[in-house]
file final-v3.txt (compact mmCIF, C-alpha atoms and all ligand atoms)
# COMPACT_ATOMS: atom_id res chain seq x y z
CA MET G 14 -27.14 65.54 -23.94
CA LYS G 15 -29.35 62.72 -25.06
CA ILE G 16 -27.64 59.69 -26.56
CA ALA G 17 -28.82 56.44 -28.16
CA LEU G 18 -26.92 53.19 -27.89
CA VAL G 19 -27.01 50.90 -30.90
CA SER G 20 -26.37 47.11 -30.68
CA ILE G 21 -26.88 45.81 -27.21
CA GLY G 22 -24.28 43.08 -26.75
CA LYS G 23 -21.38 42.41 -24.41
CA ILE G 24 -19.58 45.74 -24.53
CA ALA G 25 -22.79 47.81 -24.49
CA ARG G 26 -23.86 46.12 -21.26
CA ASP G 27 -20.42 45.76 -19.63
CA GLN G 28 -19.22 49.31 -20.24
CA HIS G 29 -21.38 51.73 -22.24
CA ILE G 30 -24.60 51.57 -20.22
CA PRO G 31 -22.79 51.98 -16.85
CA ALA G 32 -20.50 54.74 -18.20
CA ILE G 33 -23.43 56.74 -19.59
CA ALA G 34 -25.40 56.24 -16.36
CA ALA G 35 -22.45 57.54 -14.30
CA SER G 36 -21.83 60.57 -16.53
CA ALA G 37 -23.18 64.03 -15.82
CA ASP G 38 -22.86 64.85 -19.54
CA TRP G 39 -25.19 62.15 -20.91
CA THR G 40 -28.69 60.73 -20.64
CA LEU G 41 -29.34 57.38 -22.28
CA ALA G 42 -32.54 58.21 -24.17
CA ALA G 43 -32.94 55.16 -26.44
CA ALA G 44 -31.55 51.76 -27.32
CA VAL G 45 -31.54 50.14 -30.75
CA SER G 46 -31.29 46.37 -30.98
CA ARG G 47 -32.49 43.54 -33.17
CA ASN G 48 -32.69 41.21 -30.17
CA ALA G 49 -32.44 42.96 -26.82
CA THR G 50 -34.02 45.74 -24.80
CA VAL G 51 -32.62 48.11 -22.21
CA GLU G 52 -34.76 48.82 -19.19
CA GLY G 53 -35.94 52.36 -18.53
CA VAL G 54 -35.42 53.78 -22.03
CA GLU G 55 -37.32 53.71 -25.30
CA ASN G 56 -36.30 50.68 -27.38
CA PHE G 57 -36.25 50.44 -31.16
CA GLY G 58 -35.74 47.46 -33.47
CA SER G 59 -33.89 49.49 -36.10
CA LEU G 60 -31.76 52.60 -36.32
CA ALA G 61 -33.98 54.08 -39.05
CA GLU G 62 -37.02 53.93 -36.72
CA MET G 63 -35.11 55.60 -33.90
CA LEU G 64 -33.73 58.36 -36.13
CA ALA G 65 -37.21 59.11 -37.48
CA ALA G 66 -38.98 58.98 -34.11
CA ARG G 67 -36.45 60.81 -31.94
CA PRO G 68 -35.04 63.95 -33.57
CA ASP G 69 -34.29 65.15 -30.03
CA ILE G 70 -31.48 62.57 -29.69
CA GLY G 71 -28.41 64.24 -31.13
CA VAL G 72 -25.77 61.56 -30.52
CA VAL G 73 -25.52 57.89 -31.42
CA SER G 74 -22.98 55.42 -29.99
CA LEU G 75 -22.39 52.31 -32.12
CA CYS G 76 -21.43 49.05 -30.36
CA MET G 77 -21.71 46.39 -33.08
CA PRO G 78 -18.74 44.41 -34.48
CA PRO G 79 -16.62 46.41 -36.95
CA ALA G 80 -17.77 44.76 -40.20
CA ALA G 81 -21.35 45.89 -39.47
CA ARG G 82 -20.54 49.48 -38.50
CA PHE G 83 -20.24 51.51 -41.71
CA GLU G 84 -23.90 51.50 -42.79
CA PRO G 85 -25.37 52.58 -39.44
CA ALA G 86 -22.62 55.18 -38.98
CA ALA G 87 -23.31 56.67 -42.42
CA GLU G 88 -27.07 56.55 -41.76
CA ALA G 89 -26.74 58.41 -38.44
CA ILE G 90 -24.43 61.02 -39.96
CA ALA G 91 -26.85 61.55 -42.87
CA ALA G 92 -29.56 62.15 -40.26
CA GLY G 93 -27.41 64.91 -38.75
CA ARG G 94 -26.38 63.00 -35.61
CA HIS G 95 -22.97 63.00 -33.95
CA VAL G 96 -21.47 59.50 -33.94
CA MET G 97 -19.23 57.59 -31.55
CA LEU G 98 -17.62 54.37 -32.84
CA GLU G 99 -16.43 51.40 -30.76
CA LYS G 100 -12.98 50.14 -31.68
CA PRO G 101 -11.89 49.22 -34.28
CA PRO G 102 -13.78 51.98 -36.11
CA GLY G 103 -14.55 49.81 -39.13
CA ALA G 104 -13.52 46.80 -41.15
CA THR G 105 -11.44 48.78 -43.66
CA LEU G 106 -9.40 51.96 -43.63
CA SER G 107 -11.20 53.34 -46.67
CA GLU G 108 -14.61 53.11 -45.02
CA CYS G 109 -13.25 55.00 -42.00
CA PHE G 110 -11.84 57.75 -44.22
CA GLU G 111 -15.24 57.92 -45.90
CA LEU G 112 -17.04 58.27 -42.55
CA ALA G 113 -14.66 61.08 -41.58
CA ARG G 114 -15.44 62.82 -44.89
CA LEU G 115 -19.20 62.35 -44.46
CA ALA G 116 -19.09 63.72 -40.91
CA GLU G 117 -17.11 66.75 -41.97
CA THR G 118 -19.50 67.47 -44.85
CA ALA G 119 -22.53 67.06 -42.56
CA GLY G 120 -20.96 69.22 -39.85
CA VAL G 121 -21.27 66.58 -37.14
CA SER G 122 -18.69 65.14 -34.73
CA LEU G 123 -17.24 61.69 -35.35
CA TYR G 124 -15.23 59.98 -32.60
CA ALA G 125 -13.28 56.80 -33.35
CA THR G 126 -12.71 55.64 -29.77
CA TRP G 127 -9.76 53.60 -28.51
CA HIS G 128 -10.72 52.55 -25.00
CA SER G 129 -7.29 51.15 -24.13
CA ARG G 130 -5.72 54.54 -24.82
CA ALA G 131 -7.86 55.83 -21.98
CA ALA G 132 -6.50 53.23 -19.54
CA ALA G 133 -5.39 54.78 -16.27
CA GLN G 134 -1.58 54.74 -16.70
CA VAL G 135 -1.22 55.34 -20.44
CA GLN G 136 -0.66 59.10 -20.20
CA ALA G 137 1.90 58.62 -17.40
CA ALA G 138 3.75 56.12 -19.60
CA ARG G 139 3.69 58.54 -22.51
CA ALA G 140 5.05 61.36 -20.34
CA TRP G 141 7.86 59.15 -18.96
CA LEU G 142 8.96 58.05 -22.43
CA ALA G 143 8.74 61.52 -23.99
CA ASP G 144 12.27 62.64 -23.13
CA ARG G 145 14.09 59.32 -22.84
CA ASN G 146 16.27 57.50 -25.31
CA LEU G 147 14.51 54.30 -26.26
CA ARG G 148 16.45 51.10 -27.03
CA ARG G 149 13.80 48.43 -27.28
CA VAL G 150 10.01 48.07 -26.99
CA ARG G 151 8.20 44.77 -26.62
CA VAL G 152 4.42 44.28 -26.65
CA THR G 153 3.01 40.99 -25.30
CA TRP G 154 -0.76 40.53 -25.58
CA LYS G 155 -1.70 36.95 -24.75
CA GLU G 156 -5.22 36.00 -23.72
CA ASP G 157 -7.68 33.14 -23.88
CA VAL G 158 -10.19 33.69 -26.68
CA ARG G 159 -12.62 31.22 -25.12
CA ARG G 160 -12.72 33.27 -21.94
CA TRP G 161 -13.09 36.75 -23.45
CA HIS G 162 -15.07 36.08 -26.64
CA PRO G 163 -17.24 33.07 -25.85
CA GLY G 164 -19.24 32.05 -28.91
CA GLN G 165 -18.51 35.27 -30.85
CA GLU G 166 -18.34 33.89 -34.40
CA TRP G 167 -17.82 37.35 -35.96
CA ILE G 168 -14.22 37.48 -34.66
CA TRP G 169 -13.39 34.57 -36.99
CA GLN G 170 -15.13 36.05 -40.02
CA PRO G 171 -13.56 38.43 -42.57
CA GLY G 172 -13.48 41.90 -41.00
CA GLY G 173 -13.58 40.43 -37.48
CA LEU G 174 -9.78 40.82 -37.17
CA GLY G 175 -9.18 37.65 -35.11
CA VAL G 176 -6.41 38.17 -32.55
CA PHE G 177 -6.06 41.76 -33.80
CA ASP G 178 -9.38 42.51 -32.06
CA PRO G 179 -7.47 42.66 -28.75
CA GLY G 180 -4.14 43.29 -30.51
CA ILE G 181 -5.39 46.59 -31.89
CA ASN G 182 -5.86 47.73 -28.28
CA ALA G 183 -2.13 47.17 -27.74
CA LEU G 184 -1.38 49.07 -30.94
CA SER G 185 -3.62 51.93 -29.82
CA ILE G 186 -1.52 52.24 -26.65
CA LEU G 187 1.79 51.79 -28.48
CA THR G 188 0.98 54.56 -30.97
CA GLU G 189 -0.05 56.82 -28.07
CA ILE G 190 3.01 56.38 -25.85
CA LEU G 191 5.88 56.20 -28.35
CA PRO G 192 7.55 59.56 -28.97
CA PHE G 193 7.94 58.73 -32.68
CA ALA G 194 6.00 57.01 -35.47
CA VAL G 195 6.85 53.42 -36.44
CA HIS G 196 6.01 51.34 -39.47
CA LEU G 197 5.67 47.62 -39.86
CA ASP G 198 8.55 45.83 -41.57
CA ALA G 199 7.63 42.16 -41.02
CA ALA G 200 4.81 40.04 -39.65
CA VAL G 201 3.82 36.40 -39.29
CA LEU G 202 0.11 35.61 -38.94
CA ASP G 203 -1.12 32.21 -37.73
CA PHE G 204 -4.50 31.25 -39.18
CA PRO G 205 -6.38 28.22 -37.81
CA ALA G 206 -7.04 25.80 -40.68
CA ASN G 207 -10.82 26.32 -40.37
CA ARG G 208 -10.93 30.11 -39.79
CA ASP G 209 -10.63 33.33 -41.83
CA THR G 210 -8.82 35.45 -39.22
CA PRO G 211 -5.58 34.86 -37.29
CA ILE G 212 -5.32 33.35 -33.81
CA ALA G 213 -1.77 34.66 -33.26
CA ALA G 214 0.61 37.18 -34.78
CA GLU G 215 4.15 38.46 -34.45
CA LEU G 216 4.99 41.94 -35.68
CA SER G 217 8.20 43.88 -35.99
CA PHE G 218 8.36 47.58 -36.69
CA ARG G 219 10.97 49.90 -38.12
CA ALA G 220 11.61 52.87 -35.82
CA PRO G 221 13.89 55.93 -35.99
CA GLY G 222 17.45 55.24 -34.79
CA GLY G 223 17.01 51.49 -35.20
CA VAL G 224 15.04 51.07 -31.95
CA ALA G 225 13.73 47.49 -31.86
CA VAL G 226 9.92 47.55 -31.61
CA GLY G 227 8.08 44.23 -31.67
CA ALA G 228 4.74 42.73 -30.71
CA VAL G 229 3.39 39.27 -30.09
CA PHE G 230 -0.35 38.57 -29.92
CA ASP G 231 -1.73 35.16 -29.00
CA TRP G 232 -5.29 34.02 -28.31
CA ARG G 233 -4.31 30.56 -27.05
CA GLN G 234 -3.10 31.65 -23.62
CA GLU G 235 -4.66 29.71 -20.79
CA GLY G 236 -3.95 30.48 -17.13
CA PRO G 237 -2.57 33.95 -16.37
CA GLN G 238 -3.36 36.51 -19.05
CA THR G 239 -0.79 39.02 -20.29
CA TRP G 240 -1.39 42.54 -21.64
CA ASP G 241 2.06 44.12 -21.24
CA ILE G 242 4.21 46.74 -22.93
CA GLU G 243 7.84 46.86 -21.87
CA ALA G 244 10.24 49.61 -22.91
CA GLU G 245 13.98 49.76 -22.23
CA THR G 246 15.60 53.18 -22.29
CA ASP G 247 19.07 54.59 -21.51
CA GLU G 248 17.62 55.69 -18.19
CA GLY G 249 15.67 52.68 -16.99
CA ARG G 250 12.80 50.43 -17.86
CA LEU G 251 9.06 50.99 -18.19
CA LEU G 252 6.56 48.19 -17.68
CA LEU G 253 2.93 48.94 -18.52
CA GLN G 254 0.70 46.00 -17.55
CA ASN G 255 -2.94 44.94 -17.41
CA GLY G 256 -3.75 46.70 -20.67
CA GLY G 257 -2.45 50.06 -19.49
CA ALA G 258 -3.89 50.02 -15.96
CA THR G 259 -0.64 49.30 -14.07
CA LEU G 260 2.70 51.06 -14.44
CA SER G 261 6.08 50.29 -12.97
CA LEU G 262 9.10 52.48 -13.67
CA ASP G 263 12.67 51.37 -13.37
CA GLY G 264 11.90 48.34 -11.22
CA GLY G 265 9.92 50.47 -8.76
CA PRO G 266 6.57 49.50 -7.24
CA ALA G 267 3.63 49.00 -9.61
CA ALA G 268 1.17 51.90 -9.59
CA ASP G 269 -2.48 51.08 -10.17
CA ALA G 270 -5.41 53.40 -10.67
CA PRO G 271 -9.16 52.87 -10.97
CA ASP G 272 -10.63 51.93 -14.37
CA ILE G 273 -11.53 55.16 -16.17
CA GLU G 274 -11.57 53.96 -19.77
CA TYR G 275 -15.20 54.38 -20.81
CA ALA G 276 -15.80 57.35 -18.47
CA THR G 277 -12.94 59.07 -20.30
CA LEU G 278 -14.34 58.19 -23.74
CA TYR G 279 -17.77 59.64 -22.94
CA LYS G 280 -16.20 62.78 -21.43
CA ARG G 281 -14.16 63.22 -24.61
CA MET G 282 -17.25 62.73 -26.80
CA ALA G 283 -19.05 65.46 -24.84
CA GLU G 284 -16.09 67.80 -25.45
CA LEU G 285 -15.96 66.99 -29.16
CA VAL G 286 -19.67 67.71 -29.61
CA ALA G 287 -19.44 70.89 -27.55
CA HIS G 288 -16.56 72.20 -29.66
CA GLY G 289 -17.80 70.93 -33.04
CA ARG G 290 -14.76 68.71 -33.57
CA SER G 291 -14.01 65.13 -34.61
CA ASP G 292 -11.32 62.69 -33.46
CA VAL G 293 -10.53 59.95 -35.96
CA ASP G 294 -7.00 58.59 -35.48
CA LEU G 295 -6.58 55.52 -37.66
CA ALA G 296 -2.93 54.74 -36.77
CA PRO G 297 -3.72 51.49 -34.86
CA MET G 298 -5.84 50.25 -37.77
CA MET G 299 -3.18 51.19 -40.28
CA HIS G 300 -0.72 48.85 -38.56
CA VAL G 301 -3.28 46.03 -38.60
CA ALA G 302 -3.95 46.58 -42.29
CA ASP G 303 -0.18 46.57 -42.90
CA ALA G 304 0.12 43.25 -41.05
CA PHE G 305 -2.50 41.71 -43.33
CA THR G 306 -0.72 43.20 -46.38
CA LEU G 307 2.85 42.32 -45.46
CA GLY G 308 2.43 39.37 -43.11
CA ARG G 309 3.53 35.87 -43.95
CA ARG G 310 0.65 33.49 -43.42
CA ARG G 311 1.03 30.16 -41.57
CA GLN G 312 -1.66 27.57 -41.13
CA VAL G 313 -2.03 26.23 -37.59
CA ALA G 314 -4.35 23.77 -35.83
CA ALA G 315 -8.08 24.23 -36.42
CA PHE G 316 -9.91 26.18 -33.72
CA ASP G 317 -13.17 25.06 -32.15
CA TRP G 318 -14.88 26.50 -29.11
P1 LIG N 401 -21.06 41.09 -29.39
O1 LIG N 401 -21.61 41.06 -28.00
O2 LIG N 401 -20.79 39.81 -30.07
O3 LIG N 401 -21.97 41.95 -30.37
C1 LIG N 401 -22.47 43.21 -30.03
C2 LIG N 401 -23.83 43.40 -30.65
O4 LIG N 401 -23.68 43.80 -32.01
C3 LIG N 401 -24.72 42.16 -30.72
O5 LIG N 401 -25.32 41.91 -29.50
C4 LIG N 401 -25.70 42.57 -31.79
O6 LIG N 401 -26.59 43.51 -31.22
C5 LIG N 401 -24.81 43.35 -32.76
N1 LIG N 401 -24.30 42.49 -33.82
C6 LIG N 401 -23.56 41.37 -33.72
N2 LIG N 401 -23.24 40.89 -34.93
C7 LIG N 401 -23.77 41.72 -35.81
C8 LIG N 401 -23.80 41.77 -37.22
N3 LIG N 401 -23.18 40.83 -37.95
N4 LIG N 401 -24.48 42.75 -37.80
C9 LIG N 401 -25.08 43.69 -37.07
N5 LIG N 401 -25.08 43.73 -35.73
C10 LIG N 401 -24.44 42.74 -35.11
O7 LIG N 401 -19.70 41.94 -29.43
P2 LIG N 401 -19.00 42.84 -28.33
O8 LIG N 401 -18.07 42.02 -27.54
O9 LIG N 401 -20.00 43.69 -27.63
O10 LIG N 401 -18.08 43.73 -29.30
C11 LIG N 401 -18.62 44.76 -30.10
C12 LIG N 401 -17.52 45.76 -30.41
O11 LIG N 401 -16.99 46.23 -29.17
C13 LIG N 401 -16.34 45.14 -31.18
O12 LIG N 401 -15.86 46.06 -32.12
C14 LIG N 401 -15.30 44.90 -30.08
O13 LIG N 401 -13.97 44.98 -30.59
C15 LIG N 401 -15.59 46.05 -29.15
N6 LIG N 401 -15.16 45.80 -27.77
C16 LIG N 401 -15.49 44.63 -27.14
C17 LIG N 401 -15.01 44.39 -25.85
C18 LIG N 401 -15.36 43.13 -25.09
O14 LIG N 401 -14.85 42.93 -23.99
N7 LIG N 401 -16.22 42.26 -25.60
C19 LIG N 401 -14.22 45.34 -25.22
C20 LIG N 401 -13.96 46.53 -25.86
C21 LIG N 401 -14.43 46.75 -27.14
P3 LIG N 401 -28.17 43.52 -31.48
O15 LIG N 401 -28.65 42.15 -31.18
O16 LIG N 401 -28.60 44.53 -30.49
O17 LIG N 401 -28.40 43.93 -32.88
call {"tool": "encode", "arguments": {"input": "final-v3.txt", "output": "structure tokens", "more": "lines below"}}
Ligand code: NAP
result
Amino acid sequence: MKIALVSIGKIARDQHIPAIAASADWTLAAAVSRNATVEGVENFGSLAEMLAARPDIGVVSLCMPPAARFEPAAEAIAAGRHVMLEKPPGATLSECFELARLAETAGVSLYATWHSRAAAQVQAARAWLADRNLRRVRVTWKEDVRRWHPGQEWIWQPGGLGVFDPGINALSILTEILPFAVHLDAAVLDFPANRDTPIAAELSFRAPGGVAVGAVFDWRQEGPQTWDIEAETDEGRLLLQNGGATLSLDGGPAADAPDIEYATLYKRMAELVAHGRSDVDLAPMMHVADAFTLGRRRQVAAFDW
């Protein structure tokens, strides 16, 4: 199937272009960018031009920051194209519900991707937890914003989510591996004095049976980076590390597997289109929205690059 990639920035180049090139399901047929070009394909300066010029391209994959995603997604759906959304699928829950409605009405597939859910050991973690009695779950997502988001001003602007940009990846894994639903019951969000989005957050969730479920996100971590989920059960401990790529069960050796995140997303998109289905799970975003609704706000030191 022919696909067009829209917004050629960091994630488009790091992951989408290589994943499409390696897939037997897809041919990258066009790129849309205000500033960049992709070698070997037709390039367009706007989505409208591409949609008009290339009716043969049935699928569009959107790689811009979330606050800029609704309009192009709605435009592509209105033009009868199937649409794949980078995470988080939008800046608000209501716009995501609206996109799902528009896609259903138009009879096209909409896929709100969560790349961390496709990390190599996430399904093994889910299977291990499925029939165990959980006592406590702790998420620790601590990374250096200067290293992973150099110069990206949008992450500090309304709709950019701040530390929830990586934190929502943790929540996408958490909501995939837990055998029950949780809901937020308290949060503290740390906003730099000069920024509109948080640099750190602590969340606690209410879970069935009083299981303690908590998360800490921090963008000020220098040195070793931490993307861990730890779960204690009546029958041992699970440690999922490196954003879902490494799993150790009950103190046993850590199992690693090759990175399959974006290959898995594009395979899933091919299946959705083939079967005329959509996949729009907004649970990770719901928890982020709840944190902004319920969270106590603290002002912390100003942030500069
Ligand atoms: P980025 O490089 O800063 O931006 C991606 C591209 O989006 C830009 O090159 C630009 O493309 C377009 N763009 C930027 N700001 C825009 C705006 N205000 N309005 C319209 N278009 C805009 O960001 P990124 O790191 O690739 O992240 C994009 C999305 O991927 C985010 O939702 C992020 O959460 C997700 N993601 C990022 C990573 C990562 O490691 N960076 C990993 C996984 C997922 P044009 O110049 O072509 O228009």
call {"tool": "closest_residue", "arguments": {"input": "final-v3.txt", "among": "G:Ala213, G:Cys109, G:Leu123, G:Gly172", "to": "His288 of chain G", "atoms": "all atoms listed in the file"}}
result
G:Leu123
call {"tool": "closest_residue", "arguments": {"input": "final-v3.txt", "among": "G:Glu284, G:Asp198, G:Asp247, G:Asp209", "to": "Ala228 of chain G", "atoms": "all atoms listed in the file"}}
result
G:Asp198
call {"tool": "closest_residue", "arguments": {"input": "final-v3.txt", "among": "G:Gly289, G:Pro101, G:Pro68, G:Gly180", "to": "Ile242 of chain G", "atoms": "all atoms listed in the file"}}
result
G:Gly180
call {"tool": "residues_around", "arguments": {"input": "final-v3.txt", "residues": "Val226 of chain G", "least_positions_apart": "6", "cutoff": "9 Å", "atoms": "only C-alpha atoms", "output": "NGL selection string"}}
result
:G and (148-152 or 195 or 216-220 or 244)
call {"tool": "residues_near_point", "arguments": {"input": "final-v3.txt", "point": "(-33.6, 65.1, -30.7)", "cutoff": "10 Å", "atoms": "all atoms listed in the file", "output": "compact mmCIF listing (two decimals) with C-alpha atoms, keeping the file's coordinate frame"}}
result
# COMPACT_ATOMS: atom_id res chain seq x y z
CA MET G 14 -27.14 65.54 -23.94
CA LYS G 15 -29.35 62.72 -25.06
CA ILE G 16 -27.64 59.69 -26.56
CA ALA G 42 -32.54 58.21 -24.17
CA LEU G 64 -33.73 58.36 -36.13
CA ALA G 65 -37.21 59.11 -37.48
CA ALA G 66 -38.98 58.98 -34.11
CA ARG G 67 -36.45 60.81 -31.94
CA PRO G 68 -35.04 63.95 -33.57
CA ASP G 69 -34.29 65.15 -30.03
CA ILE G 70 -31.48 62.57 -29.69
CA GLY G 71 -28.41 64.24 -31.13
CA VAL G 72 -25.77 61.56 -30.52
CA ARG G 94 -26.38 63.00 -35.61
call {"tool": "closest_residue", "arguments": {"input": "final-v3.txt", "among": "G:Asn48, G:Gln28, G:Thr306, G:Gln134", "to": "ligand LIG 401 (chain N)", "atoms": "only C-alpha atoms and all ligand atoms"}}
result
G:Asn48
call {"tool": "residues_near_point", "arguments": {"input": "final-v3.txt", "point": "(-23.1, 44.3, -28.8)", "cutoff": "10 Å", "atoms": "only C-alpha atoms", "output": "ChimeraX atom specification"}}
result
/G:18-27,46,49,75-78,99
call {"tool": "write_last_selection", "arguments": {"input": "final-v3.txt", "atoms": "C-alpha atoms", "output": "PDB file, keeping the file's coordinate frame"}}
result
ATOM      1  CA  LEU G  18     -26.920  53.190 -27.890  1.00  0.00           C
ATOM      2  CA  VAL G  19     -27.010  50.900 -30.900  1.00  0.00           C
ATOM      3  CA  SER G  20     -26.370  47.110 -30.680  1.00  0.00           C
ATOM      4  CA  ILE G  21     -26.880  45.810 -27.210  1.00  0.00           C
ATOM      5  CA  GLY G  22     -24.280  43.080 -26.750  1.00  0.00           C
ATOM      6  CA  LYS G  23     -21.380  42.410 -24.410  1.00  0.00           C
ATOM      7  CA  ILE G  24     -19.580  45.740 -24.530  1.00  0.00           C
ATOM      8  CA  ALA G  25     -22.790  47.810 -24.490  1.00  0.00           C
ATOM      9  CA  ARG G  26     -23.860  46.120 -21.260  1.00  0.00           C
ATOM     10  CA  ASP G  27     -20.420  45.760 -19.630  1.00  0.00           C
ATOM     11  CA  SER G  46     -31.290  46.370 -30.980  1.00  0.00           C
ATOM     12  CA  ALA G  49     -32.440  42.960 -26.820  1.00  0.00           C
ATOM     13  CA  LEU G  75     -22.390  52.310 -32.120  1.00  0.00           C
ATOM     14  CA  CYS G  76     -21.430  49.050 -30.360  1.00  0.00           C
ATOM     15  CA  MET G  77     -21.710  46.390 -33.080  1.00  0.00           C
ATOM     16  CA  PRO G  78     -18.740  44.410 -34.480  1.00  0.00           C
ATOM     17  CA  GLU G  99     -16.430  51.400 -30.760  1.00  0.00           C
TER      18      GLU G  99
END
call {"tool": "decode", "arguments": {"input": "final-v3.txt", "residues": "segment 80-97 of chain G", "atoms": "N, CA, C and O atoms", "output": "PDB file, in the first residue's frame"}}
result
ATOM      1  N   ALA G  80      -0.398  19.200  19.275  1.00  0.00           N
ATOM      2  CA  ALA G  80      -1.285  20.359  19.177  1.00  0.00           C
ATOM      3  C   ALA G  80      -1.554  20.742  17.724  1.00  0.00           C
ATOM      4  O   ALA G  80      -2.493  21.490  17.443  1.00  0.00           O
ATOM      5  N   ALA G  81      -0.741  20.236  16.802  1.00  0.00           N
ATOM      6  CA  ALA G  81      -0.910  20.581  15.381  1.00  0.00           C
ATOM      7  C   ALA G  81      -1.538  19.438  14.591  1.00  0.00           C
ATOM      8  O   ALA G  81      -1.570  19.480  13.366  1.00  0.00           O
ATOM      9  N   ARG G  82      -2.081  18.435  15.257  1.00  0.00           N
ATOM     10  CA  ARG G  82      -2.461  17.213  14.539  1.00  0.00           C
ATOM     11  C   ARG G  82      -3.923  17.153  14.098  1.00  0.00           C
ATOM     12  O   ARG G  82      -4.248  16.462  13.126  1.00  0.00           O
ATOM     13  N   PHE G  83      -4.818  17.829  14.801  1.00  0.00           N
ATOM     14  CA  PHE G  83      -6.247  17.649  14.494  1.00  0.00           C
ATOM     15  C   PHE G  83      -6.596  18.055  13.062  1.00  0.00           C
ATOM     16  O   PHE G  83      -7.236  17.293  12.335  1.00  0.00           O
ATOM     17  N   GLU G  84      -6.177  19.271  12.663  1.00  0.00           N
ATOM     18  CA  GLU G  84      -6.573  19.782  11.340  1.00  0.00           C
ATOM     19  C   GLU G  84      -6.120  18.853  10.210  1.00  0.00           C
ATOM     20  O   GLU G  84      -6.934  18.462   9.376  1.00  0.00           O
ATOM     21  N   PRO G  85      -4.827  18.488  10.168  1.00  0.00           N
ATOM     22  CA  PRO G  85      -4.416  17.588   9.082  1.00  0.00           C
ATOM     23  C   PRO G  85      -5.096  16.223   9.142  1.00  0.00           C
ATOM     24  O   PRO G  85      -5.411  15.635   8.103  1.00  0.00           O
ATOM     25  N   ALA G  86      -5.350  15.730  10.356  1.00  0.00           N
ATOM     26  CA  ALA G  86      -6.027  14.425  10.461  1.00  0.00           C
ATOM     27  C   ALA G  86      -7.444  14.532   9.887  1.00  0.00           C
ATOM     28  O   ALA G  86      -7.878  13.682   9.092  1.00  0.00           O
ATOM     29  N   ALA G  87      -8.156  15.597  10.262  1.00  0.00           N
ATOM     30  CA  ALA G  87      -9.527  15.776   9.768  1.00  0.00           C
ATOM     31  C   ALA G  87      -9.526  15.972   8.247  1.00  0.00           C
ATOM     32  O   ALA G  87     -10.402  15.457   7.537  1.00  0.00           O
ATOM     33  N   GLU G  88      -8.518  16.692   7.755  1.00  0.00           N
ATOM     34  CA  GLU G  88      -8.415  16.962   6.309  1.00  0.00           C
ATOM     35  C   GLU G  88      -8.179  15.652   5.533  1.00  0.00           C
ATOM     36  O   GLU G  88      -8.803  15.416   4.490  1.00  0.00           O
ATOM     37  N   ALA G  89      -7.301  14.814   6.062  1.00  0.00           N
ATOM     38  CA  ALA G  89      -7.010  13.543   5.379  1.00  0.00           C
ATOM     39  C   ALA G  89      -8.218  12.614   5.418  1.00  0.00           C
ATOM     40  O   ALA G  89      -8.549  11.956   4.430  1.00  0.00           O
ATOM     41  N   ILE G  90      -8.911  12.591   6.551  1.00  0.00           N
ATOM     42  CA  ILE G  90     -10.112  11.745   6.662  1.00  0.00           C
ATOM     43  C   ILE G  90     -11.177  12.234   5.681  1.00  0.00           C
ATOM     44  O   ILE G  90     -11.804  11.435   4.981  1.00  0.00           O
ATOM     45  N   ALA G  91     -11.354  13.561   5.616  1.00  0.00           N
ATOM     46  CA  ALA G  91     -12.364  14.122   4.700  1.00  0.00           C
ATOM     47  C   ALA G  91     -12.033  13.781   3.251  1.00  0.00           C
ATOM     48  O   ALA G  91     -12.930  13.694   2.403  1.00  0.00           O
ATOM     49  N   ALA G  92     -10.735  13.579   2.967  1.00  0.00           N
ATOM     50  CA  ALA G  92     -10.325  13.210   1.611  1.00  0.00           C
ATOM     51  C   ALA G  92     -10.357  11.691   1.416  1.00  0.00           C
ATOM     52  O   ALA G  92      -9.829  11.174   0.422  1.00  0.00           O
ATOM     53  N   GLY G  93     -10.933  10.982   2.385  1.00  0.00           N
ATOM     54  CA  GLY G  93     -11.125   9.537   2.239  1.00  0.00           C
ATOM     55  C   GLY G  93      -9.875   8.710   2.495  1.00  0.00           C
ATOM     56  O   GLY G  93      -9.789   7.558   2.061  1.00  0.00           O
ATOM     57  N   ARG G  94      -8.897   9.279   3.198  1.00  0.00           N
ATOM     58  CA  ARG G  94      -7.657   8.531   3.451  1.00  0.00           C
ATOM     59  C   ARG G  94      -7.681   7.915   4.856  1.00  0.00           C
ATOM     60  O   ARG G  94      -8.231   8.494   5.787  1.00  0.00           O
ATOM     61  N   HIS G  95      -7.040   6.765   4.986  1.00  0.00           N
ATOM     62  CA  HIS G  95      -6.834   6.154   6.291  1.00  0.00           C
ATOM     63  C   HIS G  95      -5.723   6.940   6.997  1.00  0.00           C
ATOM     64  O   HIS G  95      -4.773   7.392   6.350  1.00  0.00           O
ATOM     65  N   VAL G  96      -5.823   7.051   8.327  1.00  0.00           N
ATOM     66  CA  VAL G  96      -4.892   7.939   9.038  1.00  0.00           C
ATOM     67  C   VAL G  96      -4.256   7.244  10.239  1.00  0.00           C
ATOM     68  O   VAL G  96      -4.938   6.599  11.040  1.00  0.00           O
ATOM     69  N   MET G  97      -2.937   7.429  10.342  1.00  0.00           N
ATOM     70  CA  MET G  97      -2.168   6.901  11.463  1.00  0.00           C
ATOM     71  C   MET G  97      -1.615   8.104  12.237  1.00  0.00           C
ATOM     72  O   MET G  97      -1.044   9.018  11.643  1.00  0.00           O
TER      73      MET G  97
END
